[in-house]
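Student: Dropping in target00.cif, which is mmCIF, C-alpha atoms and all ligand atoms:
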```cif
data_entry
#
loop_
_atom_site.group_PDB
_atom_site.id
_atom_site.type_symbol
_atom_site.label_atom_id
_atom_site.label_comp_id
_atom_site.auth_asym_id
_atom_site.auth_seq_id
_atom_site.Cartn_x
_atom_site.Cartn_y
_atom_site.Cartn_z
ATOM 1 C CA MET A 102 -15.740 -29.996 25.750
ATOM 2 C CA SER A 103 -18.278 -31.221 23.221
ATOM 3 C CA PHE A 104 -17.647 -30.149 19.644
ATOM 4 C CA ASP A 105 -19.708 -27.550 17.815
ATOM 5 C CA ARG A 106 -19.131 -24.817 15.280
ATOM 6 C CA SER A 107 -20.814 -22.031 17.243
ATOM 7 C CA ILE A 108 -18.889 -18.745 17.423
ATOM 8 C CA LYS A 109 -16.302 -18.683 20.205
ATOM 9 C CA ILE A 110 -14.490 -15.530 21.315
ATOM 10 C CA ALA A 111 -11.111 -16.136 22.965
ATOM 11 C CA PRO A 112 -9.629 -12.938 24.437
ATOM 12 C CA SER A 113 -5.830 -12.949 24.446
ATOM 13 C CA ILE A 114 -4.526 -12.011 27.884
ATOM 14 C CA LEU A 115 -1.471 -10.570 26.143
ATOM 15 C CA SER A 116 -3.560 -7.369 26.128
ATOM 16 C CA ALA A 117 -4.533 -7.631 29.825
ATOM 17 C CA ASP A 118 -3.008 -5.756 32.776
ATOM 18 C CA PHE A 119 0.121 -7.826 33.494
ATOM 19 C CA ALA A 120 -0.024 -6.908 37.191
ATOM 20 C CA ASN A 121 -3.516 -8.318 37.581
ATOM 21 C CA PHE A 122 -4.086 -11.516 35.592
ATOM 22 C CA GLY A 123 -6.415 -13.241 38.038
ATOM 23 C CA GLN A 124 -8.966 -10.446 38.077
ATOM 24 C CA GLU A 125 -8.577 -9.809 34.347
ATOM 25 C CA ILE A 126 -9.401 -13.457 33.551
ATOM 26 C CA GLN A 127 -12.403 -13.383 35.890
ATOM 27 C CA ALA A 128 -13.587 -10.114 34.289
ATOM 28 C CA ILE A 129 -13.453 -11.335 30.676
ATOM 29 C CA GLU A 130 -15.186 -14.589 31.571
ATOM 30 C CA ALA A 131 -17.921 -12.744 33.466
ATOM 31 C CA GLN A 132 -18.316 -10.525 30.397
ATOM 32 C CA GLY A 133 -18.877 -13.370 27.946
ATOM 33 C CA ALA A 134 -15.515 -14.801 26.853
ATOM 34 C CA ASP A 135 -15.866 -18.406 25.673
ATOM 35 C CA TRP A 136 -12.187 -19.360 25.965
ATOM 36 C CA VAL A 137 -9.077 -17.734 27.450
ATOM 37 C CA HIS A 138 -6.140 -17.525 25.001
ATOM 38 C CA VAL A 139 -2.610 -17.540 26.430
ATOM 39 C CA ASP A 140 0.209 -16.380 24.117
ATOM 40 C CA VAL A 141 3.541 -18.007 24.967
ATOM 41 C CA MET A 142 6.564 -16.363 23.309
ATOM 42 C CA ASP A 143 10.237 -17.251 23.595
ATOM 43 C CA GLY A 144 12.251 -14.329 22.185
ATOM 44 C CA HIS A 145 13.580 -16.710 19.513
ATOM 45 C CA PHE A 146 10.739 -18.080 17.362
ATOM 46 C CA VAL A 147 9.113 -14.667 17.824
ATOM 47 C CA PRO A 148 10.758 -11.409 18.919
ATOM 48 C CA ASN A 149 8.979 -11.155 22.264
ATOM 49 C CA LEU A 150 8.961 -12.983 25.601
ATOM 50 C CA THR A 151 5.974 -13.855 27.743
ATOM 51 C CA PHE A 152 4.800 -16.757 29.908
ATOM 52 C CA GLY A 153 6.627 -19.835 31.211
ATOM 53 C CA PRO A 154 4.770 -22.839 32.647
ATOM 54 C CA PRO A 155 4.662 -21.388 36.216
ATOM 55 C CA ALA A 156 2.769 -18.340 34.930
ATOM 56 C CA VAL A 157 0.281 -20.561 33.096
ATOM 57 C CA LYS A 158 -0.119 -22.652 36.264
ATOM 58 C CA ALA A 159 -0.944 -19.457 38.171
ATOM 59 C CA PHE A 160 -3.616 -18.512 35.577
ATOM 60 C CA ARG A 161 -5.235 -21.956 35.719
ATOM 61 C CA PRO A 162 -7.418 -21.650 38.836
ATOM 62 C CA HIS A 163 -8.906 -18.426 37.513
ATOM 63 C CA VAL A 164 -10.010 -19.960 34.194
ATOM 64 C CA LYS A 165 -13.461 -21.533 34.476
ATOM 65 C CA THR A 166 -14.045 -21.846 30.719
ATOM 66 C CA PHE A 167 -11.300 -23.318 28.495
ATOM 67 C CA MET A 168 -7.652 -22.319 28.322
ATOM 68 C CA ASP A 169 -5.938 -22.587 24.943
ATOM 69 C CA VAL A 170 -2.202 -22.112 25.105
ATOM 70 C CA HIS A 171 -0.597 -20.844 21.897
ATOM 71 C CA LEU A 172 3.059 -21.828 21.926
ATOM 72 C CA MET A 173 5.159 -19.496 19.763
ATOM 73 C CA ILE A 174 8.364 -21.246 20.778
ATOM 74 C CA ALA A 175 11.070 -23.293 19.075
ATOM 75 C CA PRO A 176 12.000 -25.933 19.870
ATOM 76 C CA VAL A 177 8.558 -26.758 21.212
ATOM 77 C CA ASP A 178 8.666 -30.486 22.002
ATOM 78 C CA PRO A 179 10.756 -30.201 25.218
ATOM 79 C CA TYR A 180 8.151 -27.903 26.805
ATOM 80 C CA ILE A 181 4.877 -29.642 25.910
ATOM 81 C CA GLU A 182 4.602 -31.702 29.075
ATOM 82 C CA ALA A 183 5.298 -28.703 31.307
ATOM 83 C CA TYR A 184 2.518 -26.648 29.705
ATOM 84 C CA ALA A 185 0.134 -29.617 29.944
ATOM 85 C CA GLU A 186 0.990 -30.050 33.623
ATOM 86 C CA ALA A 187 0.423 -26.322 34.107
ATOM 87 C CA GLY A 188 -3.182 -26.960 33.109
ATOM 88 C CA ALA A 189 -3.594 -26.123 29.411
ATOM 89 C CA ASP A 190 -6.856 -27.530 28.024
ATOM 90 C CA MET A 191 -5.500 -27.171 24.495
ATOM 91 C CA ILE A 192 -1.909 -26.783 23.351
ATOM 92 C CA VAL A 193 -1.257 -25.210 19.960
ATOM 93 C CA ALA A 194 2.173 -25.526 18.368
ATOM 94 C CA HIS A 195 3.442 -23.859 15.223
ATOM 95 C CA TYR A 196 3.956 -25.883 12.054
ATOM 96 C CA GLU A 197 7.142 -23.821 11.562
ATOM 97 C CA ALA A 198 8.568 -24.600 15.019
ATOM 98 C CA GLY A 199 10.543 -27.640 13.921
ATOM 99 C CA PRO A 200 11.049 -30.413 11.377
ATOM 100 C CA HIS A 201 8.561 -32.827 12.969
ATOM 101 C CA PRO A 202 5.145 -31.200 13.490
ATOM 102 C CA HIS A 203 3.503 -34.650 13.331
ATOM 103 C CA ARG A 204 5.581 -35.852 16.276
ATOM 104 C CA THR A 205 4.786 -32.612 18.106
ATOM 105 C CA LEU A 206 1.046 -33.225 17.737
ATOM 106 C CA GLN A 207 1.497 -36.840 18.915
ATOM 107 C CA ALA A 208 3.335 -35.521 21.970
ATOM 108 C CA ILE A 209 0.544 -33.057 22.757
ATOM 109 C CA LYS A 210 -2.124 -35.778 22.414
ATOM 110 C CA ALA A 211 -0.105 -38.055 24.700
ATOM 111 C CA THR A 212 -0.520 -35.536 27.533
ATOM 112 C CA GLY A 213 -4.317 -35.733 27.261
ATOM 113 C CA ALA A 214 -4.645 -32.091 26.180
ATOM 114 C CA LYS A 215 -6.406 -31.117 22.951
ATOM 115 C CA ALA A 216 -3.975 -30.427 20.119
ATOM 116 C CA GLY A 217 -3.778 -27.615 17.589
ATOM 117 C CA ILE A 218 -1.447 -26.659 14.768
ATOM 118 C CA SER A 219 -0.792 -23.028 13.875
ATOM 119 C CA LEU A 220 0.223 -21.599 10.493
ATOM 120 C CA ASN A 221 2.148 -18.370 10.038
ATOM 121 C CA PRO A 222 0.835 -15.986 7.350
ATOM 122 C CA GLY A 223 3.513 -17.144 4.871
ATOM 123 C CA THR A 224 2.772 -20.858 5.264
ATOM 124 C CA PRO A 225 0.307 -22.448 2.821
ATOM 125 C CA ALA A 226 -2.749 -24.365 4.054
ATOM 126 C CA SER A 227 -1.708 -27.503 2.156
ATOM 127 C CA VAL A 228 1.003 -28.441 4.692
ATOM 128 C CA ILE A 229 -1.580 -29.619 7.237
ATOM 129 C CA GLU A 230 -3.036 -32.415 5.084
ATOM 130 C CA HIS A 231 -1.320 -35.274 6.926
ATOM 131 C CA LEU A 232 -1.519 -33.548 10.297
ATOM 132 C CA LEU A 233 -5.313 -33.188 10.387
ATOM 133 C CA PRO A 234 -5.973 -36.673 11.871
ATOM 134 C CA LEU A 235 -4.100 -35.481 14.987
ATOM 135 C CA CYS A 236 -5.689 -32.017 15.204
ATOM 136 C CA ASP A 237 -8.524 -30.694 17.326
ATOM 137 C CA MET A 238 -7.919 -27.215 15.921
ATOM 138 C CA VAL A 239 -6.109 -25.395 13.125
ATOM 139 C CA LEU A 240 -4.992 -21.857 14.002
ATOM 140 C CA VAL A 241 -4.655 -19.538 11.014
ATOM 141 C CA MET A 242 -2.443 -16.610 12.011
ATOM 142 C CA SER A 243 -3.719 -13.399 10.463
ATOM 143 C CA VAL A 244 -0.664 -11.385 11.582
ATOM 144 C CA ASN A 245 2.959 -12.391 11.977
ATOM 145 C CA PRO A 246 3.118 -13.695 15.549
ATOM 146 C CA GLY A 247 4.916 -11.769 18.267
ATOM 147 C CA PHE A 248 2.814 -8.762 19.190
ATOM 148 C CA GLY A 249 -0.747 -7.669 19.807
ATOM 149 C CA GLY A 250 -2.295 -4.743 17.987
ATOM 150 C CA GLN A 251 -1.064 -5.508 14.456
ATOM 151 C CA LYS A 252 -2.971 -5.001 11.227
ATOM 152 C CA PHE A 253 -5.049 -7.899 9.887
ATOM 153 C CA ILE A 254 -3.627 -9.613 6.762
ATOM 154 C CA PRO A 255 -6.570 -10.009 4.311
ATOM 155 C CA SER A 256 -5.274 -13.142 2.523
ATOM 156 C CA SER A 257 -5.949 -15.040 5.770
ATOM 157 C CA VAL A 258 -9.581 -15.274 4.656
ATOM 158 C CA ASP A 259 -8.619 -17.398 1.626
ATOM 159 C CA LYS A 260 -6.482 -19.607 3.825
ATOM 160 C CA VAL A 261 -9.386 -20.185 6.212
ATOM 161 C CA ARG A 262 -11.546 -21.217 3.232
ATOM 162 C CA GLN A 263 -8.881 -23.706 2.102
ATOM 163 C CA VAL A 264 -8.486 -25.149 5.594
ATOM 164 C CA ARG A 265 -12.264 -25.470 5.930
ATOM 165 C CA GLU A 266 -12.407 -27.471 2.693
ATOM 166 C CA MET A 267 -9.598 -29.762 3.792
ATOM 167 C CA ILE A 268 -11.314 -30.443 7.128
ATOM 168 C CA GLY A 269 -14.589 -31.592 5.541
ATOM 169 C CA ASP A 270 -16.842 -33.118 8.190
ATOM 170 C CA ARG A 271 -14.061 -33.795 10.706
ATOM 171 C CA GLN A 272 -14.538 -32.269 14.162
ATOM 172 C CA ILE A 273 -11.737 -29.700 13.980
ATOM 173 C CA HIS A 274 -12.048 -26.057 15.017
ATOM 174 C CA ILE A 275 -10.630 -23.257 12.902
ATOM 175 C CA GLN A 276 -9.250 -20.409 14.981
ATOM 176 C CA VAL A 277 -8.029 -17.065 13.653
ATOM 177 C CA ASP A 278 -5.588 -14.910 15.622
ATOM 178 C CA GLY A 279 -4.382 -11.370 14.933
ATOM 179 C CA GLY A 280 -6.192 -8.137 14.107
ATOM 180 C CA VAL A 281 -9.612 -9.711 14.658
ATOM 181 C CA ASP A 282 -12.295 -7.096 15.388
ATOM 182 C CA PRO A 283 -15.909 -6.393 14.337
ATOM 183 C CA SER A 284 -14.701 -5.112 10.946
ATOM 184 C CA THR A 285 -12.583 -8.184 10.055
ATOM 185 C CA VAL A 286 -14.487 -11.090 11.630
ATOM 186 C CA GLY A 287 -17.387 -11.368 9.146
ATOM 187 C CA PRO A 288 -15.506 -12.711 6.087
ATOM 188 C CA LEU A 289 -13.619 -15.144 8.374
ATOM 189 C CA VAL A 290 -16.909 -16.614 9.601
ATOM 190 C CA ALA A 291 -18.206 -16.861 6.025
ATOM 191 C CA ALA A 292 -14.986 -18.682 5.091
ATOM 192 C CA GLY A 293 -15.524 -21.246 7.867
ATOM 193 C CA ALA A 294 -13.721 -20.130 11.032
ATOM 194 C CA ASP A 295 -15.511 -20.612 14.359
ATOM 195 C CA CYS A 296 -13.056 -19.430 17.042
ATOM 196 C CA PHE A 297 -11.658 -15.905 17.233
ATOM 197 C CA VAL A 298 -8.748 -14.671 19.298
ATOM 198 C CA ALA A 299 -8.891 -10.962 20.048
ATOM 199 C CA GLY A 300 -6.506 -8.982 22.211
ATOM 200 C CA SER A 301 -6.796 -5.256 21.583
ATOM 201 C CA ALA A 302 -10.370 -5.478 20.300
ATOM 202 C CA VAL A 303 -11.534 -6.985 23.629
ATOM 203 C CA PHE A 304 -9.400 -5.085 26.144
ATOM 204 C CA LYS A 305 -9.439 -1.600 24.594
ATOM 205 C CA GLY A 306 -11.085 1.018 26.773
ATOM 206 C CA GLY A 307 -11.827 -1.411 29.641
ATOM 207 C CA SER A 308 -10.243 -2.478 32.925
ATOM 208 C CA VAL A 309 -11.174 -4.633 35.910
ATOM 209 C CA ASP A 310 -12.870 -1.499 37.261
ATOM 210 C CA LYS A 311 -14.742 -0.988 33.992
ATOM 211 C CA PRO A 312 -15.379 -4.628 32.960
ATOM 212 C CA GLU A 313 -18.615 -3.759 31.140
ATOM 213 C CA ILE A 314 -16.446 -2.316 28.346
ATOM 214 C CA TYR A 315 -14.971 -5.809 27.861
ATOM 215 C CA GLY A 316 -18.549 -7.056 27.592
ATOM 216 C CA ASP A 317 -19.442 -4.407 24.998
ATOM 217 C CA ASN A 318 -16.322 -5.259 22.989
ATOM 218 C CA ILE A 319 -16.974 -9.029 23.094
ATOM 219 C CA ARG A 320 -20.621 -8.539 22.127
ATOM 220 C CA ALA A 321 -19.623 -6.317 19.180
ATOM 221 C CA ILE A 322 -17.287 -9.011 17.789
ATOM 222 C CA ARG A 323 -19.864 -11.751 18.368
ATOM 223 C CA ALA A 324 -22.664 -9.733 16.739
ATOM 224 C CA ALA A 325 -20.560 -9.081 13.623
ATOM 225 C CA ALA A 326 -19.583 -12.774 13.516
ATOM 226 C CA GLU A 327 -23.119 -14.087 13.950
ATOM 227 C CA ALA A 328 -24.419 -11.667 11.324
ATOM 228 C CA ALA A 329 -22.056 -13.288 8.824
ATOM 229 C CA GLN A 330 -23.139 -16.828 9.735
ATOM 230 C CA GLY A 331 -26.050 -16.708 7.312
HETATM 231 C C1 LIG A 401 0.128 -12.531 18.241
HETATM 232 C C2 LIG A 401 -0.695 -13.303 19.262
HETATM 233 C C3 LIG A 401 -2.102 -12.839 19.328
HETATM 234 C C4 LIG A 401 -2.276 -11.399 19.698
HETATM 235 C C5 LIG A 401 -3.583 -10.914 19.171
HETATM 236 O O1 LIG A 401 1.394 -13.056 18.192
HETATM 237 O O2 LIG A 401 -0.711 -14.674 18.939
HETATM 238 O O3 LIG A 401 -2.895 -13.684 20.154
HETATM 239 O O4 LIG A 401 -2.199 -11.160 21.057
HETATM 240 O O5 LIG A 401 -3.682 -9.563 19.449
HETATM 241 P P1 LIG A 401 -4.609 -8.578 18.609
HETATM 242 O O6 LIG A 401 -6.009 -9.122 18.700
HETATM 243 O O7 LIG A 401 -4.417 -7.276 19.285
HETATM 244 O O8 LIG A 401 -4.111 -8.608 17.193
HETATM 245 ZN ZN ZN A 402 -2.185 -16.125 19.957
#
```
Please render this file's structure as structure tokens.
Tutor:
Amino acid sequence: MSFDRSIKIAPSILSADFANFGQEIQAIEAQGADWVHVDVMDGHFVPNLTFGPPAVKAFRPHVKTFMDVHLMIAPVDPYIEAYAEAGADMIVAHYEAGPHPHRTLQAIKATGAKAGISLNPGTPASVIEHLLPLCDMVLVMSVNPGFGGQKFIPSSVDKVRQVREMIGDRQIHIQVDGGVDPSTVGPLVAAGADCFVAGSAVFKGGSVDKPEIYGDNIRAIRAAAEAAQG
């Protein structure tokens, strides 16, 4: 993957039909998704449970674009290799998942996958200063992680601006996750984010039998984002 700051839409398959992941992934990619975002939850770091490495391995052959795996698990280090072997293109761990986020990023890089660090809404941007040399992406959570369909937290826009300043001209993506839709994406783009996770805003109203709705939803987010690019 070559680096650029063009707008990327990453639908979260947390909002897909859980009985039909293969077709759902193919449908969102055919309808314009740039990345496929996989939300891994452990019922401990967040109050919800989702996908182990075998599930991610089963998604892999369906993903033709880029699979970013968002690990909302603690501890995280013991599972990094398994998610890399399952085929994650990028592994994102939470800053809050343990005492050694620097070591966690080193461990992700050692697998050959791209590495990202994620910040909960209550965590300040400043904590990533010494982690940035190991990061391919910073994920700014704009809801408290655990569930799709939550309300966007407006102060995330300021955090994106701070992260963008800290990054300078380094080749590091800024992703925003939670409550992203055509009404919230504009200020995030203006603040410097380039990659947008969207669950409900992509999947609402559509299905594998009505995939064009996914396309309409993705285009609506992209249009609002590109309009804010200036
Ligand atoms: C939240 C997850 C998100 C979530 C986004 O814990 O990390 O990826 O699925 O869902 P929406 O877009 O519905 O807020
Ligand atoms: Zn996520």
Student: Closest to A:Pro255 among A:Val281, A:Ile273, A:Leu172, A:Val239, using all atoms listed in the file?
Tutor: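 Closest to A:Pro255 of all the choices is A:Val281.
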Student: So which residues get picked by the PyMOL selection byres (((chain A and resi 110-121) around 8) and not hetatm) here, written as a PyMOL selection string?
Tutor: chain A and resi 108-109+122-126+129+134-140+249+296-301+303-304+308+319+322-323
Student: Expressed in Å to a single decimal, how great is the separation between atom CA of A:Phe253 and atom CA of A:Asp190?
Tutor: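 Interatomic distance here is 26.8 Å.
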Student: Once the PyMOL selection byres (((chain A and resi 286) around 9) and not hetatm) has been applied to the shown file, what residues remain in the selection, as number ranges by chain?
Tutor: A: 281-285, 287-291, 297, 322-323, 325-326, 329
Student: When you count all atoms listed in the file, which of these residues is closest to A:Gly247: A:His163, A:Lys210, A:Lys158, A:His171?
Tutor: A:His171
Student: Hey, what's within 8 Å of A:Ala294 if we count all atoms listed in the file and toss same-chain stuff fewer than 4 positions away? As a list of chain:residue names, please?
Tutor: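 Surrounding residues, per the criterion: A:Val261, A:Arg265, A:His274, A:Ile275, A:Gln276, A:Val277, A:Leu289, A:Val290.
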